[in-house]
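Participant: Below is data-v2.json; it holds JSON, C-alpha atoms.
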```json
[["chain", "number", "residue", "atom", "x", "y", "z"],
["A", 631, "MET", "CA", 70.36, 89.61, 81.33],
["A", 632, "LYS", "CA", 70.89, 85.86, 80.99],
["A", 633, "TRP", "CA", 69.37, 82.84, 79.29],
["A", 634, "MET", "CA", 68.56, 79.37, 80.60],
["A", 635, "GLN", "CA", 68.21, 76.13, 78.63],
["A", 636, "ILE", "CA", 65.62, 73.62, 79.87],
["A", 637, "PRO", "CA", 65.24, 70.35, 77.90],
["A", 638, "LEU", "CA", 61.66, 69.09, 78.07],
["A", 639, "GLY", "CA", 59.81, 65.92, 77.09],
["A", 640, "PRO", "CA", 60.78, 62.64, 75.45],
["A", 641, "LEU", "CA", 62.48, 64.42, 72.55],
["A", 642, "GLN", "CA", 64.37, 66.70, 74.94],
["A", 643, "THR", "CA", 63.21, 69.83, 73.16],
["A", 644, "ASN", "CA", 65.10, 72.84, 74.42],
["A", 645, "CYS", "CA", 62.93, 75.47, 76.05],
["A", 646, "TYR", "CA", 64.74, 78.73, 76.72],
["A", 647, "LEU", "CA", 64.14, 81.44, 79.28],
["A", 648, "LEU", "CA", 65.53, 84.92, 78.74],
["A", 649, "VAL", "CA", 65.64, 86.62, 82.13],
["A", 650, "ASN", "CA", 66.47, 90.20, 83.12],
["A", 651, "GLU", "CA", 67.63, 91.61, 86.44],
["A", 652, "ARG", "CA", 64.02, 92.19, 87.56],
["A", 653, "LYS", "CA", 63.26, 88.50, 86.97],
["A", 654, "GLU", "CA", 60.94, 89.24, 84.08],
["A", 655, "CYS", "CA", 61.33, 86.59, 81.42],
["A", 656, "ILE", "CA", 60.52, 85.52, 77.89],
["A", 657, "ILE", "CA", 59.66, 81.85, 77.29],
["A", 658, "PHE", "CA", 60.72, 80.17, 74.05],
["A", 659, "ASP", "CA", 59.19, 76.85, 72.94],
["A", 660, "PRO", "CA", 57.65, 75.21, 76.03],
["A", 661, "GLY", "CA", 57.46, 71.80, 74.42],
["A", 662, "SER", "CA", 56.29, 69.47, 77.19],
["A", 663, "GLN", "CA", 56.09, 68.84, 80.95],
["A", 664, "GLY", "CA", 54.00, 71.94, 81.57],
["A", 665, "GLU", "CA", 53.37, 71.29, 85.26],
["A", 666, "GLU", "CA", 57.05, 70.76, 86.06],
["A", 667, "PHE", "CA", 58.05, 73.74, 83.96],
["A", 668, "ASN", "CA", 55.55, 76.03, 85.66],
["A", 669, "GLN", "CA", 56.81, 74.88, 89.04],
["A", 670, "TYR", "CA", 60.39, 75.68, 88.03],
["A", 671, "VAL", "CA", 59.39, 79.18, 86.92],
["A", 672, "ALA", "CA", 57.56, 79.71, 90.21],
["A", 673, "ASP", "CA", 60.47, 78.40, 92.27],
["A", 674, "GLN", "CA", 62.79, 80.84, 90.49],
["A", 675, "GLN", "CA", 60.30, 83.65, 91.22],
["A", 676, "LEU", "CA", 60.23, 84.63, 87.56],
["A", 677, "GLN", "CA", 57.60, 86.80, 85.89],
["A", 678, "PRO", "CA", 56.86, 85.52, 82.35],
["A", 679, "LEU", "CA", 55.73, 88.12, 79.83],
["A", 680, "VAL", "CA", 55.14, 86.10, 76.66],
["A", 681, "ILE", "CA", 55.69, 82.80, 74.84],
["A", 682, "LEU", "CA", 57.65, 83.06, 71.58],
["A", 683, "LEU", "CA", 57.53, 80.02, 69.31],
["A", 684, "THR", "CA", 60.29, 79.31, 66.82],
["A", 685, "HIS", "CA", 57.82, 77.06, 64.99],
["A", 686, "ALA", "CA", 54.76, 74.94, 65.71],
["A", 687, "HIS", "CA", 55.87, 71.31, 65.51],
["A", 688, "PHE", "CA", 54.30, 69.24, 68.29],
["A", 689, "ASP", "CA", 57.47, 68.80, 70.32],
["A", 690, "HIS", "CA", 57.77, 72.59, 70.69],
["A", 691, "ILE", "CA", 54.15, 73.35, 71.64],
["A", 692, "GLY", "CA", 53.03, 70.58, 74.01],
["A", 693, "ALA", "CA", 53.01, 72.73, 77.15],
["A", 694, "VAL", "CA", 51.87, 75.99, 75.56],
["A", 695, "ASP", "CA", 48.34, 75.91, 76.96],
["A", 696, "GLN", "CA", 49.42, 74.99, 80.49],
["A", 697, "VAL", "CA", 52.06, 77.72, 80.56],
["A", 698, "LYS", "CA", 49.79, 80.31, 78.98],
["A", 699, "LYS", "CA", 46.99, 79.59, 81.46],
["A", 700, "GLN", "CA", 49.27, 79.61, 84.49],
["A", 701, "TRP", "CA", 50.90, 82.96, 83.73],
["A", 702, "LYS", "CA", 48.15, 84.59, 81.65],
["A", 703, "ILE", "CA", 50.49, 85.47, 78.81],
["A", 704, "PRO", "CA", 50.09, 85.60, 75.00],
["A", 705, "VAL", "CA", 51.74, 83.48, 72.33],
["A", 706, "TYR", "CA", 53.57, 84.72, 69.24],
["A", 707, "LEU", "CA", 53.93, 82.56, 66.10],
["A", 708, "HIS", "CA", 54.58, 83.09, 62.40],
["A", 709, "GLU", "CA", 51.41, 83.48, 60.36],
["A", 710, "LEU", "CA", 52.38, 80.64, 57.99],
["A", 711, "GLU", "CA", 51.87, 78.23, 60.88],
["A", 712, "GLY", "CA", 48.86, 79.97, 62.39],
["A", 713, "GLU", "CA", 46.67, 76.87, 61.96],
["A", 714, "TRP", "CA", 49.26, 74.38, 63.17],
["A", 715, "LEU", "CA", 48.58, 74.76, 66.87],
["A", 716, "THR", "CA", 45.06, 73.39, 66.51],
["A", 717, "ASN", "CA", 45.77, 70.78, 63.83],
["A", 718, "PRO", "CA", 47.65, 67.53, 64.66],
["A", 719, "SER", "CA", 48.08, 66.75, 60.97],
["A", 720, "LEU", "CA", 49.97, 70.00, 60.45],
["A", 721, "ASN", "CA", 52.02, 70.05, 63.66],
["A", 722, "GLY", "CA", 53.11, 66.46, 63.14],
["A", 723, "SER", "CA", 51.69, 64.86, 66.26],
["A", 724, "GLY", "CA", 49.08, 62.98, 64.24],
["A", 725, "ARG", "CA", 51.84, 60.94, 62.60],
["A", 726, "PHE", "CA", 52.69, 59.43, 65.98],
["A", 727, "GLY", "CA", 49.15, 58.71, 67.15],
["A", 728, "ASP", "CA", 49.21, 61.37, 69.85],
["A", 729, "ASP", "CA", 47.13, 64.41, 68.94],
["A", 730, "ILE", "CA", 48.83, 67.42, 70.51],
["A", 731, "THR", "CA", 47.12, 70.77, 70.13],
["A", 732, "ALA", "CA", 47.09, 74.24, 71.65],
["A", 733, "GLN", "CA", 44.85, 77.25, 71.50],
["A", 734, "PRO", "CA", 45.47, 79.68, 68.62],
["A", 735, "ALA", "CA", 48.27, 82.20, 69.05],
["A", 736, "GLU", "CA", 47.28, 85.72, 70.10],
["A", 737, "TYR", "CA", 49.79, 87.31, 67.74],
["A", 738, "LEU", "CA", 50.75, 86.13, 64.26],
["A", 739, "ILE", "CA", 54.07, 87.45, 62.97],
["A", 740, "THR", "CA", 54.03, 88.56, 59.35],
["A", 741, "GLY", "CA", 57.54, 89.81, 58.68],
["A", 742, "GLU", "CA", 61.02, 90.35, 60.04],
["A", 743, "GLY", "CA", 62.71, 93.08, 62.04],
["A", 744, "GLU", "CA", 62.66, 94.34, 65.59],
["A", 745, "LEU", "CA", 60.26, 92.96, 68.16],
["A", 746, "LYS", "CA", 59.92, 94.69, 71.52],
["A", 747, "ILE", "CA", 58.16, 93.10, 74.47],
["A", 748, "GLY", "CA", 58.37, 95.12, 77.66],
["A", 749, "PRO", "CA", 62.06, 95.78, 78.33],
["A", 750, "PHE", "CA", 63.16, 93.02, 75.92],
["A", 751, "SER", "CA", 64.18, 93.59, 72.32],
["A", 752, "PHE", "CA", 64.80, 91.01, 69.58],
["A", 753, "GLU", "CA", 65.72, 90.95, 65.93],
["A", 754, "MET", "CA", 63.43, 88.46, 64.22],
["A", 755, "PHE", "CA", 64.50, 86.50, 61.15],
["A", 756, "HIS", "CA", 62.23, 84.33, 59.03],
["A", 757, "THR", "CA", 64.30, 81.16, 58.54],
["A", 758, "PRO", "CA", 62.10, 78.65, 56.68],
["A", 759, "GLY", "CA", 63.22, 75.24, 55.53],
["A", 760, "HIS", "CA", 62.63, 73.01, 58.52],
["A", 761, "SER", "CA", 59.10, 74.38, 58.49],
["A", 762, "PRO", "CA", 57.46, 77.19, 56.50],
["A", 763, "GLY", "CA", 57.15, 79.59, 59.42],
["A", 764, "SER", "CA", 60.38, 78.94, 61.28],
["A", 765, "LEU", "CA", 61.67, 82.00, 63.10],
["A", 766, "SER", "CA", 65.04, 82.79, 64.67],
["A", 767, "TYR", "CA", 65.31, 85.39, 67.41],
["A", 768, "TYR", "CA", 68.61, 87.26, 67.72],
["A", 769, "ILE", "CA", 69.26, 88.79, 71.14],
["A", 770, "LYS", "CA", 72.07, 91.30, 70.76],
["A", 771, "GLU", "CA", 72.42, 91.98, 74.47],
["A", 772, "VAL", "CA", 73.52, 88.41, 75.19],
["A", 773, "GLN", "CA", 74.98, 87.70, 71.71],
["A", 774, "ALA", "CA", 72.75, 84.70, 71.13],
["A", 775, "VAL", "CA", 70.18, 83.50, 68.62],
["A", 776, "VAL", "CA", 67.30, 81.18, 69.48],
["A", 777, "ALA", "CA", 67.32, 79.17, 66.26],
["A", 778, "GLY", "CA", 64.71, 76.47, 66.80],
["A", 779, "ASP", "CA", 65.29, 73.45, 64.57],
["A", 780, "THR", "CA", 67.14, 75.40, 61.86],
["A", 781, "LEU", "CA", 70.78, 74.96, 62.90],
["A", 782, "PHE", "CA", 72.34, 72.54, 65.38],
["A", 783, "ALA", "CA", 75.82, 71.81, 66.66],
["A", 784, "GLY", "CA", 77.32, 69.95, 63.71],
["A", 785, "SER", "CA", 74.00, 69.49, 61.96],
["A", 786, "ILE", "CA", 70.96, 71.17, 60.43],
["A", 787, "GLY", "CA", 67.21, 70.73, 60.77],
["A", 788, "ARG", "CA", 65.39, 67.87, 59.07],
["A", 789, "THR", "CA", 63.46, 68.78, 55.95],
["A", 790, "ASP", "CA", 61.42, 65.63, 55.28],
["A", 791, "LEU", "CA", 58.35, 66.85, 57.19],
["A", 792, "PRO", "CA", 55.41, 68.57, 55.47],
["A", 793, "GLY", "CA", 56.41, 72.04, 54.32],
["A", 794, "GLY", "CA", 60.13, 71.32, 54.65],
["A", 795, "SER", "CA", 62.68, 72.28, 52.00],
["A", 796, "HIS", "CA", 66.37, 71.41, 52.07],
["A", 797, "SER", "CA", 67.38, 74.14, 49.65],
["A", 798, "GLN", "CA", 65.32, 76.73, 51.51],
["A", 799, "LEU", "CA", 66.83, 75.68, 54.82],
["A", 800, "LEU", "CA", 70.39, 76.06, 53.52],
["A", 801, "LEU", "CA", 69.51, 79.46, 52.08],
["A", 802, "SER", "CA", 68.06, 80.56, 55.43],
["A", 803, "ILE", "CA", 71.17, 79.45, 57.28],
["A", 804, "GLN", "CA", 73.58, 81.02, 54.80],
["A", 805, "THR", "CA", 71.81, 84.37, 54.40],
["A", 806, "LYS", "CA", 70.34, 84.89, 57.88],
["A", 807, "LEU", "CA", 72.31, 82.98, 60.53],
["A", 808, "LEU", "CA", 75.84, 82.76, 59.19],
["A", 809, "THR", "CA", 75.91, 86.52, 58.64],
["A", 810, "MET", "CA", 75.74, 87.05, 62.41],
["A", 811, "PRO", "CA", 78.94, 87.73, 64.39],
["A", 812, "GLY", "CA", 81.05, 84.61, 64.82],
["A", 813, "GLU", "CA", 80.85, 84.70, 68.60],
["A", 814, "THR", "CA", 77.04, 84.55, 68.50],
["A", 815, "GLU", "CA", 75.83, 81.57, 70.52],
["A", 816, "VAL", "CA", 73.34, 79.39, 68.67],
["A", 817, "LEU", "CA", 70.59, 78.11, 70.97],
["A", 818, "PRO", "CA", 69.09, 75.17, 69.05],
["A", 819, "GLY", "CA", 65.84, 73.32, 69.54],
["A", 820, "HIS", "CA", 67.65, 70.13, 70.54],
["A", 821, "GLY", "CA", 71.08, 69.26, 71.83],
["A", 822, "PRO", "CA", 73.99, 71.44, 72.98],
["A", 823, "THR", "CA", 74.60, 75.05, 72.08],
["A", 824, "THR", "CA", 77.25, 76.10, 69.59],
["A", 825, "THR", "CA", 78.51, 79.28, 67.94],
["A", 826, "ILE", "CA", 78.20, 80.70, 64.46],
["A", 827, "LEU", "CA", 81.99, 80.51, 64.02],
["A", 828, "ASP", "CA", 82.13, 76.85, 65.06],
["A", 829, "GLU", "CA", 79.43, 75.95, 62.54],
["A", 830, "LYS", "CA", 81.14, 77.89, 59.77],
["A", 831, "ARG", "CA", 84.34, 75.99, 60.46],
["A", 832, "GLY", "CA", 83.09, 72.49, 61.14],
["A", 833, "ASN", "CA", 79.47, 71.82, 60.21],
["A", 834, "PRO", "CA", 79.62, 69.13, 57.48],
["A", 835, "PHE", "CA", 76.15, 70.06, 56.14],
["A", 836, "LEU", "CA", 77.09, 73.65, 55.28]]
```
Output the file's structure in the form of structure tokens.
Facilitator:
Amino acid sequence: MKWMQIPLGPLQTNCYLLVNERKECIIFDPGSQGEEFNQYVADQQLQPLVILLTHAHFDHIGAVDQVKKQWKIPVYLHELEGEWLTNPSLNGSGRFGDDITAQPAEYLITGEGELKIGPFSFEMFHTPGHSPGSLSYYIKEVQAVVAGDTLFAGSIGRTDLPGGSHSQLLLSIQTKLLTMPGETEVLPGHGPTTTILDEKRGNPFL
């Protein structure tokens, strides 16, 4: 099993693909450039099973409908952001004069724990602070966590958007992410990857 990082759109939002040996894959946060992304998936002869969203800010959801339609797959999202996909005021796109929306998610996540999709297995953590329904997906098999906009290399997620909380974000990072093994790779929503150990040692915000 392996993962791929694909930056998409003007904000270079990281979309991730988790791919197994049969070329089945999980798609995380298809934020933009749906046509180009779908072509890449087709060129790689991948078989998408589902879209998992770390959260529903506009730069993470812009290509959701195109990808969902192309591959006929469902979307998973935390219930606290269930209305965000259809509401530009909630997902933040309205602030920039570009109303970005998507169809409602097929599955709304209500808690934490194990999530199994086909042959894939994840440990889900609710990591609010950047947004109320932020989720992090720990993939033990590849020792990586898809962290969305919670934790970055040398930084943390912004908390000045609606529903954001600096204290809640720090609590999420300290109690959920930093308790993972130090070698765990952090796959953030923007920028380069890092590790839990590197952020413990050098992140000035923690």
Participant: If you count all atoms listed in the file, which residues fall within 9 Å of Val649 (chain A), apart from same-chain ones fewer than 2 positions away, as a list in words?
Facilitator: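 So, after excluding close chain neighbours, the residues are Met631, Lys632, Trp633, Met634, Leu647, Glu651, Arg652, Lys653, Glu654, Cys655, Ile656, Leu676, Gln677 and Pro678 of chain A.
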Participant: Nearest residue to Gly763 (chain A) out of A:Leu738, A:Val705, A:Leu801, A:Ala672, using only C-alpha atoms?
Facilitator: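 Residue with the minimum atom-to-atom distance to Gly763 (chain A): A:Leu738.
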Participant: What is the distance, in Å and to one decimal place, between CA of Phe658 (chain A) and CA of Pro758 (chain A)?
Facilitator: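 Taking CA of Phe658 (chain A) and CA of Pro758 (chain A), their separation equals 17.5 Å.
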Participant: Between A:Ile747, A:Ile636, A:Val694, A:Ile803, which has the minimum distance to Pro660 (chain A) (counting all atoms listed in the file)?
Facilitator: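 Checking each of A:Ile747, A:Ile636, A:Val694, A:Ile803 against Pro660 (chain A), counting all atoms listed in the file, the winner is A:Val694.
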Participant: For CA of Tyr737 (chain A) and CA of Asp689 (chain A), quote the distance in Å rounded to one decimal.
Facilitator: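 Atom-to-atom, CA of Tyr737 (chain A) to CA of Asp689 (chain A), that is 20.2 Å.
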Participant: Counting all atoms listed in the file, what are the residues of region 791-835 of chain A within 7 Å of region 769-778 of chain A, and for each of them which pair of atoms is the nearest and at what distance in Å, to one decimal? Sort the table by chain and rising number, as CSV.
Facilitator:
```
residue,atom,partner,partner_atom,distance
A:Thr814,CA,A:Gln773,CA,4.9
A:Glu815,CA,A:Ala774,CA,4.4
A:Val816,CA,A:Val775,CA,5.2
A:Leu817,CA,A:Val776,CA,4.7
A:Pro818,CA,A:Gly778,CA,5.1
A:Gly819,CA,A:Gly778,CA,4.3
```
Participant: So the first atom is CA of Ser761 (chain A) and the second is CA of Gly794 (chain A); what is the distance between them in Å, to one decimal place?
Facilitator: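 CA of Gly794 (chain A) lies at a distance of 5.0 Å from CA of Ser761 (chain A).
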Participant: Which residues, written as a VMD selection string, have at least one atom at most 9 Å from region 711-713 of chain A, with only C-alpha atoms counted and residues fewer than 3 positions away on the same chain left out?
Facilitator: chain A and resid 685 to 686 707 to 708 716 to 717 720 to 721 734 to 735 738 761 to 764
Participant: Take the residues that were just selected and, keeping C-alpha atoms, output them as an mmCIF file, in the frame of the given file.
Facilitator:
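What ended up in result08.cif:
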```cif
data_model
loop_
_atom_site.group_PDB
_atom_site.id
_atom_site.type_symbol
_atom_site.label_atom_id
_atom_site.label_comp_id
_atom_site.auth_asym_id
_atom_site.auth_seq_id
_atom_site.Cartn_x
_atom_site.Cartn_y
_atom_site.Cartn_z
ATOM 1 C CA HIS A 685 57.820 77.060 64.990
ATOM 2 C CA ALA A 686 54.760 74.940 65.710
ATOM 3 C CA LEU A 707 53.930 82.560 66.100
ATOM 4 C CA HIS A 708 54.580 83.090 62.400
ATOM 5 C CA THR A 716 45.060 73.390 66.510
ATOM 6 C CA ASN A 717 45.770 70.780 63.830
ATOM 7 C CA LEU A 720 49.970 70.000 60.450
ATOM 8 C CA ASN A 721 52.020 70.050 63.660
ATOM 9 C CA PRO A 734 45.470 79.680 68.620
ATOM 10 C CA ALA A 735 48.270 82.200 69.050
ATOM 11 C CA LEU A 738 50.750 86.130 64.260
ATOM 12 C CA SER A 761 59.100 74.380 58.490
ATOM 13 C CA PRO A 762 57.460 77.190 56.500
ATOM 14 C CA GLY A 763 57.150 79.590 59.420
ATOM 15 C CA SER A 764 60.380 78.940 61.280
#
```
Participant: Skipping near chain neighbours, those fewer than 2 positions away, what residues fall within 7 Å of Phe755 (chain A) using only C-alpha atoms, listed as a tab-separated table (two decimals) with C-alpha atoms, in the coordinates of the input?
Facilitator:
```tsv
chain	number	residue	atom	x	y	z
A	742	GLU	CA	61.02	90.35	60.04
A	743	GLY	CA	62.71	93.08	62.04
A	753	GLU	CA	65.72	90.95	65.93
A	757	THR	CA	64.30	81.16	58.54
A	765	LEU	CA	61.67	82.00	63.10
A	766	SER	CA	65.04	82.79	64.67
A	767	TYR	CA	65.31	85.39	67.41
A	806	LYS	CA	70.34	84.89	57.88
```
Participant: For Ser797 (chain A), which of A:Gly759, A:Gly748, A:Gly784, A:Pro718 is the closest residue, counting only C-alpha atoms?
Facilitator: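 Closest to Ser797 (chain A) of all the choices is A:Gly759.
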Participant: Please identify all polymer residues within 8 Å of region 820-835 of chain A, counting only C-alpha atoms, omitting same-chain residues fewer than 6 positions from it, and present them as a PDB file with C-alpha atoms, in the frame of the given file.
Facilitator:
```pdb
ATOM      1  CA  PRO A 637      65.240  70.350  77.900  1.00  0.00           C
ATOM      2  CA  LEU A 641      62.480  64.420  72.550  1.00  0.00           C
ATOM      3  CA  GLN A 642      64.370  66.700  74.940  1.00  0.00           C
ATOM      4  CA  THR A 643      63.210  69.830  73.160  1.00  0.00           C
ATOM      5  CA  ASN A 644      65.100  72.840  74.420  1.00  0.00           C
ATOM      6  CA  GLY A 778      64.710  76.470  66.800  1.00  0.00           C
ATOM      7  CA  ASP A 779      65.290  73.450  64.570  1.00  0.00           C
ATOM      8  CA  PHE A 782      72.340  72.540  65.380  1.00  0.00           C
ATOM      9  CA  ALA A 783      75.820  71.810  66.660  1.00  0.00           C
ATOM     10  CA  GLY A 784      77.320  69.950  63.710  1.00  0.00           C
ATOM     11  CA  SER A 785      74.000  69.490  61.960  1.00  0.00           C
ATOM     12  CA  ILE A 786      70.960  71.170  60.430  1.00  0.00           C
ATOM     13  CA  LEU A 807      72.310  82.980  60.530  1.00  0.00           C
ATOM     14  CA  LEU A 808      75.840  82.760  59.190  1.00  0.00           C
ATOM     15  CA  MET A 810      75.740  87.050  62.410  1.00  0.00           C
ATOM     16  CA  PRO A 811      78.940  87.730  64.390  1.00  0.00           C
ATOM     17  CA  GLY A 812      81.050  84.610  64.820  1.00  0.00           C
ATOM     18  CA  GLU A 813      80.850  84.700  68.600  1.00  0.00           C
ATOM     19  CA  THR A 814      77.040  84.550  68.500  1.00  0.00           C
TER      20      THR A 814
END
```
